[in-house]
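Asks: mmCIF, C-alpha atoms, file my_file31.cif:
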```cif
data_protein
loop_
_atom_site.group_PDB
_atom_site.id
_atom_site.type_symbol
_atom_site.label_atom_id
_atom_site.label_comp_id
_atom_site.auth_asym_id
_atom_site.auth_seq_id
_atom_site.Cartn_x
_atom_site.Cartn_y
_atom_site.Cartn_z
ATOM 1 C CA MET O 1 1.999 -23.030 13.199
ATOM 2 C CA LYS O 2 4.504 -24.374 10.676
ATOM 3 C CA GLU O 3 8.176 -23.702 11.254
ATOM 4 C CA ARG O 4 9.360 -20.878 9.038
ATOM 5 C CA LYS O 5 12.160 -21.756 6.640
ATOM 6 C CA ARG O 6 15.194 -19.501 6.635
ATOM 7 C CA PRO O 7 15.781 -17.509 3.426
ATOM 8 C CA LEU O 8 18.592 -18.585 1.128
ATOM 9 C CA LEU O 9 21.878 -16.743 1.515
ATOM 10 C CA SER O 10 21.704 -15.904 -2.187
ATOM 11 C CA VAL O 11 18.808 -13.490 -1.547
ATOM 12 C CA LEU O 12 20.560 -11.693 1.323
ATOM 13 C CA ALA O 13 23.080 -8.865 1.069
ATOM 14 C CA CYS O 14 25.622 -7.054 3.204
ATOM 15 C CA VAL O 15 24.075 -4.325 5.363
ATOM 16 C CA ASN O 16 27.295 -2.345 5.799
ATOM 17 C CA SER O 17 26.792 0.843 3.771
ATOM 18 C CA LYS O 18 30.576 1.240 3.370
ATOM 19 C CA CYS O 19 30.993 -2.197 1.787
ATOM 20 C CA GLU O 20 31.437 -2.448 -1.990
ATOM 21 C CA SER O 21 28.821 -5.223 -2.067
ATOM 22 C CA TYR O 22 26.305 -3.304 0.062
ATOM 23 C CA GLY O 23 22.712 -4.140 -0.840
ATOM 24 C CA GLN O 24 23.732 -6.523 -3.638
ATOM 25 C CA ALA O 25 22.352 -10.039 -3.304
ATOM 26 C CA GLY O 26 23.698 -13.149 -5.006
ATOM 27 C CA LEU O 27 27.415 -12.291 -4.765
ATOM 28 C CA GLU O 28 28.199 -15.308 -2.545
ATOM 29 C CA ASN O 29 29.989 -13.007 -0.111
ATOM 30 C CA LEU O 30 28.047 -14.067 3.003
ATOM 31 C CA ILE O 31 28.917 -16.948 5.299
ATOM 32 C CA VAL O 32 27.216 -18.227 8.461
ATOM 33 C CA ARG O 33 29.235 -17.682 11.620
ATOM 34 C CA LYS O 34 26.739 -19.159 14.071
ATOM 35 C CA VAL O 35 23.067 -19.874 14.694
ATOM 36 C CA TYR O 36 21.251 -18.549 17.750
ATOM 37 C CA GLY O 37 17.810 -18.114 19.324
ATOM 38 C CA GLN O 38 14.600 -20.113 19.287
ATOM 39 C CA ASP O 39 14.111 -19.363 15.584
ATOM 40 C CA GLN O 40 17.629 -20.544 14.681
ATOM 41 C CA ILE O 41 18.617 -17.115 13.406
ATOM 42 C CA ARG O 42 21.865 -17.023 11.457
ATOM 43 C CA TYR O 43 24.658 -14.626 12.345
ATOM 44 C CA LEU O 44 26.373 -13.732 9.072
ATOM 45 C CA ARG O 45 29.748 -12.389 8.030
ATOM 46 C CA CYS O 46 30.603 -10.554 4.819
ATOM 47 C CA ARG O 47 33.789 -11.738 3.120
ATOM 48 C CA CYS O 48 34.281 -8.390 1.400
ATOM 49 C CA CYS O 49 34.301 -6.022 4.378
ATOM 50 C CA GLY O 50 34.382 -8.401 7.338
ATOM 51 C CA ALA O 51 31.209 -6.983 8.903
ATOM 52 C CA ALA O 52 29.174 -9.384 11.039
ATOM 53 C CA PHE O 53 25.430 -9.008 11.471
ATOM 54 C CA SER O 54 22.195 -10.877 12.062
ATOM 55 C CA GLU O 55 20.172 -11.941 9.043
ATOM 56 C CA ARG O 56 17.306 -9.987 10.617
ATOM 57 C CA LYS O 57 19.220 -6.710 10.411
ATOM 58 C CA ASN O 58 17.271 -4.003 8.533
ATOM 59 C CA THR O 59 14.146 -6.180 8.403
ATOM 60 C CA ALA O 60 10.793 -5.882 10.153
ATOM 61 C CA PHE O 61 11.844 -8.732 12.470
ATOM 62 C CA TRP O 62 14.936 -6.943 13.775
ATOM 63 C CA ASN O 63 15.021 -6.964 17.589
ATOM 64 C CA THR O 64 11.761 -8.943 17.750
ATOM 65 C CA LYS O 65 11.605 -10.995 20.941
ATOM 66 C CA ILE O 66 8.609 -13.190 20.138
ATOM 67 C CA PRO O 67 8.766 -16.182 17.739
ATOM 68 C CA GLU O 68 8.712 -15.246 14.066
ATOM 69 C CA SER O 69 5.633 -17.373 13.424
ATOM 70 C CA ARG O 70 3.684 -15.351 15.968
ATOM 71 C CA ALA O 71 5.035 -12.047 14.654
ATOM 72 C CA ILE O 72 3.884 -13.031 11.164
ATOM 73 C CA GLU O 73 0.435 -13.877 12.508
ATOM 74 C CA VAL O 74 0.287 -10.461 14.181
ATOM 75 C CA GLY O 75 1.052 -8.858 10.828
ATOM 76 C CA ARG O 76 -1.649 -10.892 9.098
ATOM 77 C CA GLN O 77 -4.275 -9.890 11.635
ATOM 78 C CA ILE O 78 -3.359 -6.206 11.381
ATOM 79 C CA ALA O 79 -3.436 -6.393 7.573
ATOM 80 C CA GLU O 80 -6.967 -7.814 7.744
ATOM 81 C CA GLY O 81 -8.111 -4.845 9.810
ATOM 82 C CA THR O 82 -8.245 -6.560 13.192
ATOM 83 C CA SER O 83 -7.987 -4.140 16.101
ATOM 84 C CA ILE O 84 -5.005 -3.965 18.433
ATOM 85 C CA LYS O 85 -7.005 -5.590 21.227
ATOM 86 C CA GLY O 86 -8.385 -8.248 18.898
ATOM 87 C CA THR O 87 -4.958 -9.078 17.500
ATOM 88 C CA SER O 88 -3.534 -9.291 21.001
ATOM 89 C CA ARG O 89 -6.282 -11.693 22.045
ATOM 90 C CA LEU O 90 -6.117 -13.889 18.924
ATOM 91 C CA THR O 91 -2.329 -14.213 18.846
ATOM 92 C CA TYR O 92 -1.711 -14.332 22.620
ATOM 93 C CA THR O 93 0.589 -11.322 22.318
ATOM 94 C CA HIS O 94 0.821 -8.312 24.613
ATOM 95 C CA ARG O 95 -0.867 -5.182 23.265
ATOM 96 C CA ALA O 96 2.344 -3.154 23.531
ATOM 97 C CA THR O 97 4.111 -5.723 21.353
ATOM 98 C CA VAL O 98 1.287 -5.647 18.806
ATOM 99 C CA LYS O 99 1.529 -1.851 18.598
ATOM 100 C CA ARG O 100 5.297 -1.954 18.179
ATOM 101 C CA LEU O 101 5.150 -4.608 15.456
ATOM 102 C CA SER O 102 2.338 -2.771 13.703
ATOM 103 C CA LEU O 103 4.472 0.367 13.452
ATOM 104 C CA LYS O 104 7.518 -1.583 12.262
ATOM 105 C CA PHE O 105 5.581 -3.563 9.656
ATOM 106 C CA GLY O 106 3.871 -0.402 8.466
ATOM 107 C CA GLN O 107 7.145 1.473 8.016
ATOM 108 C CA HIS O 108 8.720 -1.392 6.086
ATOM 109 C CA ALA O 109 5.598 -1.704 3.929
ATOM 110 C CA GLN O 110 5.739 2.025 3.209
ATOM 111 C CA ASP O 111 9.413 1.826 2.233
ATOM 112 C CA PHE O 112 8.713 -1.154 -0.038
ATOM 113 C CA HIS O 113 5.797 0.658 -1.679
ATOM 114 C CA GLU O 114 7.915 3.755 -2.276
ATOM 115 C CA GLN O 115 10.545 1.595 -3.945
ATOM 116 C CA GLU O 116 8.327 -0.600 -6.108
ATOM 117 C CA ALA O 117 5.258 1.512 -6.967
ATOM 118 C CA GLN O 118 6.944 3.571 -9.677
ATOM 119 C CA GLN O 119 6.360 4.027 -13.423
ATOM 120 C CA LEU O 120 2.940 2.373 -13.200
ATOM 121 C CA ASP O 121 1.180 1.750 -16.515
ATOM 122 C CA ILE O 122 -2.421 2.639 -15.665
ATOM 123 C CA ASP O 123 -5.270 3.703 -17.949
ATOM 124 C CA VAL O 124 -8.115 4.288 -15.472
ATOM 125 C CA LEU O 125 -7.749 5.798 -11.994
ATOM 126 C CA GLU O 126 -10.250 5.895 -9.153
ATOM 127 C CA MET O 127 -9.919 8.553 -6.453
ATOM 128 C CA ASP O 128 -12.139 8.867 -3.416
ATOM 129 C CA GLU O 129 -12.146 9.936 0.234
ATOM 130 C CA ARG O 130 -13.172 7.842 3.220
ATOM 131 C CA HIS O 131 -14.193 9.027 6.670
ATOM 132 C CA GLY O 132 -13.084 7.333 9.862
ATOM 133 C CA TYR O 133 -11.509 7.881 13.241
ATOM 134 C CA VAL O 134 -8.262 7.082 15.039
ATOM 135 C CA ALA O 135 -8.366 5.241 18.378
ATOM 136 C CA ILE O 136 -11.469 7.091 19.582
ATOM 137 C CA LYS O 137 -14.412 8.548 17.684
ATOM 138 C CA GLN O 138 -13.533 12.054 18.821
ATOM 139 C CA GLN O 139 -10.389 11.906 16.650
ATOM 140 C CA GLN O 140 -12.069 12.233 13.276
ATOM 141 C CA CYS O 141 -9.991 11.918 10.104
ATOM 142 C CA TRP O 142 -10.225 11.426 6.349
ATOM 143 C CA ASP O 143 -8.053 9.377 4.047
ATOM 144 C CA ALA O 144 -7.945 9.984 0.302
ATOM 145 C CA VAL O 145 -7.109 6.968 -1.857
ATOM 146 C CA ALA O 146 -5.995 6.513 -5.468
ATOM 147 C CA ILE O 147 -6.674 3.042 -6.918
ATOM 148 C CA ASP O 148 -6.056 1.353 -10.253
ATOM 149 C CA ALA O 149 -9.566 0.626 -11.525
ATOM 150 C CA ALA O 150 -8.522 -2.605 -13.261
ATOM 151 C CA SER O 151 -6.435 -4.364 -10.609
ATOM 152 C CA LYS O 152 -7.657 -2.453 -7.499
ATOM 153 C CA PHE O 153 -4.020 -1.830 -6.623
ATOM 154 C CA ILE O 154 -3.716 0.993 -4.089
ATOM 155 C CA ILE O 155 -1.396 3.581 -5.603
ATOM 156 C CA GLN O 156 -1.417 6.317 -2.984
ATOM 157 C CA VAL O 157 -3.041 7.167 0.347
ATOM 158 C CA GLU O 158 -3.077 10.585 1.999
ATOM 159 C CA VAL O 159 -4.539 11.387 5.425
ATOM 160 C CA GLY O 160 -5.868 14.697 6.718
ATOM 161 C CA PRO O 161 -8.869 17.039 6.809
ATOM 162 C CA ARG O 162 -11.139 16.761 3.791
ATOM 163 C CA ASN O 163 -10.199 19.868 1.836
ATOM 164 C CA THR O 164 -8.448 20.953 -1.342
ATOM 165 C CA ASN O 165 -5.025 20.392 0.213
ATOM 166 C CA LEU O 166 -5.778 16.711 0.848
ATOM 167 C CA ILE O 167 -6.830 16.100 -2.748
ATOM 168 C CA ASP O 168 -3.908 18.157 -4.043
ATOM 169 C CA ARG O 169 -1.420 15.983 -2.134
ATOM 170 C CA LEU O 170 -3.133 12.831 -3.368
ATOM 171 C CA MET O 171 -3.094 13.859 -7.021
ATOM 172 C CA ARG O 172 0.499 15.116 -6.988
ATOM 173 C CA ALA O 173 1.822 11.967 -5.289
ATOM 174 C CA THR O 174 -0.142 9.768 -7.699
ATOM 175 C CA HIS O 175 1.095 11.727 -10.715
ATOM 176 C CA LYS O 176 4.716 10.958 -9.781
ATOM 177 C CA ARG O 177 4.047 7.206 -9.786
ATOM 178 C CA LEU O 178 2.500 6.994 -13.259
ATOM 179 C CA ALA O 179 4.382 6.154 -16.428
ATOM 180 C CA HIS O 180 1.837 7.924 -18.680
ATOM 181 C CA PRO O 181 -0.008 10.534 -16.607
ATOM 182 C CA ARG O 182 -1.249 12.461 -19.661
ATOM 183 C CA ASP O 183 -3.374 9.674 -21.112
ATOM 184 C CA LEU O 184 -5.815 8.336 -18.545
ATOM 185 C CA VAL O 185 -9.384 8.417 -17.282
ATOM 186 C CA LEU O 186 -9.999 9.632 -13.726
ATOM 187 C CA MET O 187 -13.159 8.555 -11.881
ATOM 188 C CA THR O 188 -14.103 10.524 -8.758
ATOM 189 C CA ASP O 189 -17.059 11.339 -6.524
ATOM 190 C CA GLY O 190 -17.504 14.686 -8.268
ATOM 191 C CA ASP O 191 -15.768 16.911 -5.725
ATOM 192 C CA ALA O 192 -15.001 20.304 -7.278
ATOM 193 C CA SER O 193 -11.336 20.094 -6.250
ATOM 194 C CA TYR O 194 -10.701 17.304 -8.765
ATOM 195 C CA ARG O 195 -12.035 19.445 -11.604
ATOM 196 C CA THR O 196 -9.857 22.381 -10.545
ATOM 197 C CA LEU O 197 -6.630 20.492 -9.840
ATOM 198 C CA PHE O 198 -6.697 17.953 -12.679
ATOM 199 C CA PRO O 199 -5.462 20.288 -15.470
ATOM 200 C CA ILE O 200 -2.922 21.916 -13.142
ATOM 201 C CA ILE O 201 -1.278 18.700 -11.955
ATOM 202 C CA PHE O 202 -1.723 16.383 -14.932
ATOM 203 C CA GLY O 203 -1.199 19.099 -17.530
ATOM 204 C CA VAL O 204 -4.141 18.150 -19.732
ATOM 205 C CA SER O 205 -7.516 19.722 -20.322
ATOM 206 C CA TYR O 206 -10.528 18.753 -18.266
ATOM 207 C CA LEU O 207 -13.562 17.269 -20.007
ATOM 208 C CA PRO O 208 -16.913 17.342 -18.185
ATOM 209 C CA PRO O 209 -18.647 14.216 -16.847
ATOM 210 C CA VAL O 210 -20.260 11.883 -19.360
ATOM 211 C CA ARG O 211 -23.510 9.983 -19.134
ATOM 212 C CA ALA O 212 -22.985 6.246 -19.336
ATOM 213 C CA THR O 213 -25.806 4.171 -20.862
ATOM 214 C CA TRP O 214 -26.747 1.136 -18.839
ATOM 215 C CA GLY O 215 -28.828 -0.605 -21.507
ATOM 216 C CA ALA O 216 -32.189 -0.529 -23.205
ATOM 217 C CA ARG O 217 -35.428 -0.059 -21.299
ATOM 218 C CA PRO O 218 -36.851 -3.468 -20.302
ATOM 219 C CA THR O 219 -40.010 -4.626 -22.033
ATOM 220 C CA GLN O 220 -43.098 -6.193 -20.486
ATOM 221 C CA ASN O 221 -41.732 -9.643 -21.330
ATOM 222 C CA THR O 222 -38.907 -9.200 -18.831
ATOM 223 C CA GLY O 223 -41.286 -9.405 -15.894
ATOM 224 C CA PHE O 224 -40.607 -5.886 -14.552
ATOM 225 C CA LEU O 225 -43.788 -3.894 -14.000
ATOM 226 C CA ASP O 226 -42.202 -0.597 -12.967
ATOM 227 C CA PRO O 227 -40.037 1.323 -15.445
ATOM 228 C CA LEU O 228 -36.296 1.243 -14.750
ATOM 229 C CA PRO O 229 -33.839 4.065 -15.458
ATOM 230 C CA THR O 230 -31.904 3.735 -18.697
ATOM 231 C CA SER O 231 -28.944 5.906 -17.748
ATOM 232 C CA LYS O 232 -27.046 7.114 -14.736
ATOM 233 C CA SER O 233 -24.793 10.103 -14.249
ATOM 234 C CA SER O 234 -21.136 9.179 -13.894
ATOM 235 C CA ASN O 235 -18.436 11.577 -12.730
ATOM 236 C CA ILE O 236 -15.621 10.743 -15.109
ATOM 237 C CA VAL O 237 -12.779 13.062 -15.966
ATOM 238 C CA ARG O 238 -11.036 12.328 -19.228
ATOM 239 C CA GLY O 239 -7.595 13.683 -19.884
ATOM 240 C CA LYS O 240 -6.080 13.685 -23.346
ATOM 241 C CA SER O 241 -2.858 15.297 -24.395
#
```
Represent the supplied structure as structure tokens.
Replies:
Amino acid sequence: MKERKRPLLSVLACVNSKCESYGQAGLENLIVRKVYGQDQIRYLRCRCCGAAFSERKNTAFWNTKIPESRAIEVGRQIAEGTSIKGTSRLTYTHRATVKRLSLKFGQHAQDFHEQEAQQLDIDVLEMDERHGYVAIKQQQCWDAVAIDAASKFIIQVEVGPRNTNLIDRLMRATHKRLAHPRDLVLMTDGDASYRTLFPIIFGVSYLPPVRATWGARPTQNTGFLDPLPTSKSSNIVRGKS
């Protein structure tokens, strides 16, 4: 694995919440006091408040004992859906460490998503529920997902039993992230809860599903002997203010 380059001091900020430069990068208020560890981690000092701290403070790598390159590889494997056992085997990392890093990476990813996924300009939404299990197949669960139809960006995920409450939480959380929630098209699997909750949460009237035309019926010259359907039902909810 390639050696990871240290981030520039200009992108780091003081982590002391009482400092006047707290959380503000690029102020040139940080200096390097010393370098330590196998990853050559820098121990920083803030010129404004005098606080000293590791550059890993408040990051997903804070208090990580394994090399950063291996921790990053653990995160990549988890992001690709590799199991805890599989990640442990592929990265030569203890399963307990993989679990701990997975929780830390997940929490930081959640915090980043909460910060950045706001005022989204989206025209078409896709909402659906997926069935799965946690750890063992006896622990059944559902996760409801809201996705931008154009970019496939995951806007919101909610986990729980498949009922009206799950869809209600999904739609309300998604509504808060949209810049223009009153002018969009919502595509679903046709569950009745979407039809009931859409006008309540998004504040616009519900229009019934439309029938999308897939093209003209093929002729004999196309080589198809059996007739093909010319249309297919599509569960699309259109909201207009």
Asks: Which residues, written as an MDAnalysis selection string, have at least one atom at most 10 Å from Ala179 of chain O, with only C-alpha atoms counted and residues fewer than 4 positions away on the same chain left out?
Replies: chainID O and resid 118:122 175 183
Asks: Write to file, as an mmCIF file, in the coordinates of the input, the residues of the selection just made, with C-alpha atoms.
Replies:
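File result09.cif, as written:
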```cif
data_model
loop_
_atom_site.group_PDB
_atom_site.id
_atom_site.type_symbol
_atom_site.label_atom_id
_atom_site.label_comp_id
_atom_site.auth_asym_id
_atom_site.auth_seq_id
_atom_site.Cartn_x
_atom_site.Cartn_y
_atom_site.Cartn_z
ATOM 1 C CA GLN O 118 6.944 3.571 -9.677
ATOM 2 C CA GLN O 119 6.360 4.027 -13.423
ATOM 3 C CA LEU O 120 2.940 2.373 -13.200
ATOM 4 C CA ASP O 121 1.180 1.750 -16.515
ATOM 5 C CA ILE O 122 -2.421 2.639 -15.665
ATOM 6 C CA HIS O 175 1.095 11.727 -10.715
ATOM 7 C CA ASP O 183 -3.374 9.674 -21.112
#
```
Asks: Excluding His108 of chain O and any residue of its chain fewer than 3 positions from it, enumerate the residues within 12 Å of it, using all atoms listed in the file, and give them as a short mmCIF file (atom, residue, chain, number, x, y, z; two decimals) with C-alpha atoms, in the coordinates of the input.
Replies:
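The result, stored in selection-v2.cif:
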```cif
data_model
loop_
_atom_site.label_atom_id
_atom_site.label_comp_id
_atom_site.auth_asym_id
_atom_site.auth_seq_id
_atom_site.Cartn_x
_atom_site.Cartn_y
_atom_site.Cartn_z
CA ASN O 58 17.27 -4.00 8.53
CA THR O 59 14.15 -6.18 8.40
CA ALA O 60 10.79 -5.88 10.15
CA PHE O 61 11.84 -8.73 12.47
CA TRP O 62 14.94 -6.94 13.78
CA GLY O 75 1.05 -8.86 10.83
CA LEU O 101 5.15 -4.61 15.46
CA SER O 102 2.34 -2.77 13.70
CA LEU O 103 4.47 0.37 13.45
CA LYS O 104 7.52 -1.58 12.26
CA PHE O 105 5.58 -3.56 9.66
CA ASP O 111 9.41 1.83 2.23
CA PHE O 112 8.71 -1.15 -0.04
CA HIS O 113 5.80 0.66 -1.68
CA GLU O 114 7.92 3.76 -2.28
CA GLN O 115 10.54 1.60 -3.94
#
```
Asks: Find the spatial neighbours of Lys152 of chain O, counting all atoms listed in the file, within a cut-off of 12 Å - ignore same-chain residues fewer than 3 positions away - and output them as JSON, numbers by chain.
Replies: {"O": [122, 124, 125, 126, 127, 145, 146, 147, 148, 149, 155, 156]}
Asks: Deliver the residues from the most recent selection as a file, using C-alpha atoms, as a PDB file, in the frame of the given file.
Replies:
```
ATOM      1  CA  ILE O 122      -2.421   2.639 -15.665  1.00  0.00           C
ATOM      2  CA  VAL O 124      -8.115   4.288 -15.472  1.00  0.00           C
ATOM      3  CA  LEU O 125      -7.749   5.798 -11.994  1.00  0.00           C
ATOM      4  CA  GLU O 126     -10.250   5.895  -9.153  1.00  0.00           C
ATOM      5  CA  MET O 127      -9.919   8.553  -6.453  1.00  0.00           C
ATOM      6  CA  VAL O 145      -7.109   6.968  -1.857  1.00  0.00           C
ATOM      7  CA  ALA O 146      -5.995   6.513  -5.468  1.00  0.00           C
ATOM      8  CA  ILE O 147      -6.674   3.042  -6.918  1.00  0.00           C
ATOM      9  CA  ASP O 148      -6.056   1.353 -10.253  1.00  0.00           C
ATOM     10  CA  ALA O 149      -9.566   0.626 -11.525  1.00  0.00           C
ATOM     11  CA  ILE O 155      -1.396   3.581  -5.603  1.00  0.00           C
ATOM     12  CA  GLN O 156      -1.417   6.317  -2.984  1.00  0.00           C
TER      13      GLN O 156
END
```
Asks: Please determine, counting only C-alpha atoms, which residue among O:Arg162, O:Ile154, O:Arg47, O:Lys57 has the shortest atom-to-atom distance to Gln140 of chain O.
Replies: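 Of the candidates, the smallest distance to Gln140 of chain O is held by O:Arg162.
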Asks: Translate the PyMOL selection byres ((chain O and resi 181) around 12), as applied to the file shown, into an explicit residue set as a ChimeraX atom specification.
Replies: /O:119-125,171-180,182-186,198-199,201-204,238-241
Asks: In the coordinates of the file, take the point (28.9, -19.1, 14.4) and a cut-off of 12 Å; then, counting only C-alpha atoms, name each qualifying protein, DNA or RNA residue as a list of chain:residue names.
Replies: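 With a cut-off of 12 Å, the residues come to O:Ile31, O:Val32, O:Arg33, O:Lys34, O:Val35, O:Tyr36, O:Gln40, O:Ile41, O:Arg42, O:Tyr43, O:Leu44, O:Arg45, O:Ala52, O:Phe53, O:Ser54.
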Asks: Counting all atoms listed in the file, figure out which residue out of O:Cys14, O:Val98, O:Cys49, O:Asn29 gets nearest to Ile72 of chain O.
Replies: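 Checking each of O:Cys14, O:Val98, O:Cys49, O:Asn29 against Ile72 of chain O, counting all atoms listed in the file, the winner is O:Val98.
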Asks: Could you tell me how far atom CA of Gly106 of chain O sits from atom CA of Tyr133 of chain O, in Å to one decimal place?
Replies: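 A separation of 18.1 Å between them.
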Asks: Report the distance between atom CA of Val134 of chain O and atom CA of Phe153 of chain O in Å, rounded to one decimal place.
Replies: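 Computing the Euclidean distance for atom CA of Val134 of chain O and atom CA of Phe153 of chain O yields 23.8 Å.
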Asks: Of the candidates O:Gly50, O:Gly23, O:Pro161, O:Gly86, which one gets nearest to Val74 of chain O if we count all atoms listed in the file?
Replies: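 For Val74 of chain O, the nearest of the candidates is O:Gly86.
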Asks: Using all atoms of segment 159-166 of chain O that appear in the file, construct an axis-aligned enclosing box with 4 Å of padding on every side and provide its centre coordinates and edge lengths in Å, rounded to one decimal, as lines of an AutoDock Vina configuration file.
Replies:
```
center_x = -7.8
center_y = 16.2
center_z = 2.7
size_x = 14.6
size_y = 17.6
size_z = 16.2
```
Asks: For a quick check of understanding, using all atoms listed in the file, which of O:Lys18, O:Ser193, O:Thr91, O:Glu158 has the smallest distance to Gln77 of chain O?
Replies: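 The answer is O:Thr91, which sits nearest to Gln77 of chain O.
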Asks: If you measure from atom CA of Val11 of chain O to atom CA of Glu116 of chain O, what distance in Å do you get, rounded to one decimal?
Replies: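 Going from atom CA of Val11 of chain O over to atom CA of Glu116 of chain O, I get 17.2 Å.
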Asks: Evaluating the PyMOL selection byres ((chain O and resi 21) around 12) on the displayed file yields which residues, as a PyMOL selection string?
Replies: chain O and resi 12-20+22-30+46-51
Asks: Of the candidates O:Ala135, O:Asp128, O:Thr164, O:Arg95, which one gets nearest to Gly190 of chain O if we count only C-alpha atoms?
Replies: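 The answer is O:Asp128, which sits nearest to Gly190 of chain O.
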Asks: I need the residue nearest Lys65 of chain O from this list: O:Thr93, O:Asn165, O:Gln107, O:Gln138. Use all atoms listed in the file for the distance.
Replies: O:Thr93
